[in-house]
Each structure stands twice: as C-alpha cells, then as structure tokens.
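Student: Take a look at this one; I'll ask things after.
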Amino acid sequence: MRCVIARFPFDLTKSGVLQSMRGVKPEPAVGESVIIGRRTYPAKQVGQVITRQDRRDFTAGEVLRAMARLGFTCRSLPQNTAPGHGLDPRRHASAMLGSPAV
C-alpha cells in the first residue's frame, strides 16, 4: 500500500512492517503508539524504523494513519489529558507545577 510520510511515498505492507520491527526493542510509549505483534511502540519509533528518516521529519499522525490503513492497532493521546482540566488558570498552573494552590 502506498503511504506518504514526510512528503515521501512509501510502499508498505503489513508483513514488511512486521519484518522491519522484528528485533527492535520498544521504547517507553508515552504518547501516540502502535501495537505491532504483542509489543507497543511509540509512533515516532515505528516511523523512524520503517522510513529510515529522522523523527523530526514526520509527525506521529502520519505514521498512525499509515499503520491504521495497514491494519495495526493505533492509540492516540486522549483529548483531556492536561492536569487540572476545567480549573481556573491559577489552579491549572499550580497543578502543572505540582504545588498546592494558595
């Protein structure tokens, strides 16, 4: 399947991605991630391995779209992950700094 990542076209297959990721140790997945086999990889790590490009050259969204089209399970960030969601600005800043609001 032809996918465009970082403005470059790639012909990717599910078996090709599985083979490329074989033996690659997954980094801790904090944000967007892709489940390949029984392992969860950060989207940027997958993109770097399959495209051989620098992680700064593409977005996690591009990788997630390509992997989803190939049939892999993808996870994106929840919409309300910010600490203090729904708080006034002072309490929100205090929650982000980890100190109690005065």
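We label chains A, B, ... in the order they appear in the structure tokens, count residues from 1 in each chain, and number ligands from 1 in the order shown.
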DSSP on the backbone: what in chain A comes out strand (DSSP E or B), as a list in words?

Tutor: Arg2, Cys3, Val4, Ile5, Phe8, Pro9, Phe10, Asp11, Ser33, Val34, Ile35, Ile36, Arg39, Thr40, Tyr41, Pro42, Thr73, Cys74 and Arg75 of chain A

Student: Enumerate as a PyMOL selection string all residues of chain A assigned to alpha helix (DSSP H) by DSSP on the backbone, naming them with the chain letters and numbers the document uses.

Tutor: chain A and resi 14-21+43-51+60-70+89-97

Student: With C-alpha atoms retained, write the just-selected residues as a PDB file, in the first residue's frame.

Tutor:
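Result saved to part.pdb:
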ATOM      1  CA  LYS A  14       1.868  -5.334   6.906  1.00  0.00           C
ATOM      2  CA  SER A  15       4.368  -8.181   6.589  1.00  0.00           C
ATOM      3  CA  GLY A  16       7.114  -5.710   5.670  1.00  0.00           C
ATOM      4  CA  VAL A  17       6.435  -3.621   8.766  1.00  0.00           C
ATOM      5  CA  LEU A  18       6.395  -6.752  10.939  1.00  0.00           C
ATOM      6  CA  GLN A  19       9.735  -7.806   9.480  1.00  0.00           C
ATOM      7  CA  SER A  20      11.266  -4.337   9.911  1.00  0.00           C
ATOM      8  CA  MET A  21      10.183  -4.155  13.559  1.00  0.00           C
ATOM      9  CA  ALA A  43       4.612   6.055  16.683  1.00  0.00           C
ATOM     10  CA  LYS A  44       7.774   8.065  16.055  1.00  0.00           C
ATOM     11  CA  GLN A  45       9.975   4.997  16.668  1.00  0.00           C
ATOM     12  CA  VAL A  46       7.969   2.972  14.161  1.00  0.00           C
ATOM     13  CA  GLY A  47       8.190   5.788  11.619  1.00  0.00           C
ATOM     14  CA  GLN A  48      11.937   6.062  12.060  1.00  0.00           C
ATOM     15  CA  VAL A  49      12.480   2.326  11.571  1.00  0.00           C
ATOM     16  CA  ILE A  50      10.228   1.864   8.540  1.00  0.00           C
ATOM     17  CA  THR A  51      11.204   5.081   6.711  1.00  0.00           C
ATOM     18  CA  ALA A  60       3.140  10.855  14.669  1.00  0.00           C
ATOM     19  CA  GLY A  61      -0.190  11.415  12.912  1.00  0.00           C
ATOM     20  CA  GLU A  62       1.298  10.474   9.541  1.00  0.00           C
ATOM     21  CA  VAL A  63       2.612   7.214  10.986  1.00  0.00           C
ATOM     22  CA  LEU A  64      -0.659   6.454  12.781  1.00  0.00           C
ATOM     23  CA  ARG A  65      -2.673   6.949   9.582  1.00  0.00           C
ATOM     24  CA  ALA A  66      -0.352   4.673   7.597  1.00  0.00           C
ATOM     25  CA  MET A  67      -0.301   1.953  10.284  1.00  0.00           C
ATOM     26  CA  ALA A  68      -4.082   2.072  10.717  1.00  0.00           C
ATOM     27  CA  ARG A  69      -4.540   1.639   6.950  1.00  0.00           C
ATOM     28  CA  LEU A  70      -2.301  -1.439   7.135  1.00  0.00           C
ATOM     29  CA  PRO A  89      -5.922  29.454  35.235  1.00  0.00           C
ATOM     30  CA  ARG A  90      -4.239  29.879  38.631  1.00  0.00           C
ATOM     31  CA  ARG A  91      -5.205  26.398  39.830  1.00  0.00           C
ATOM     32  CA  HIS A  92      -4.292  24.921  36.443  1.00  0.00           C
ATOM     33  CA  ALA A  93      -0.795  26.463  36.642  1.00  0.00           C
ATOM     34  CA  SER A  94      -0.442  25.235  40.199  1.00  0.00           C
ATOM     35  CA  ALA A  95      -1.441  21.713  39.191  1.00  0.00           C
ATOM     36  CA  MET A  96       1.075  21.739  36.337  1.00  0.00           C
ATOM     37  CA  LEU A  97       3.843  22.839  38.705  1.00  0.00           C
TER      38      LEU A  97
END

Student: Which residue, A:Thr40, A:Thr59, A:Ser33, A:Gln53, has the smallest gap to Arg75 (chain A) when you use only C-alpha atoms?

Tutor: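 Selected residue with least distance to Arg75 (chain A): A:Ser33.
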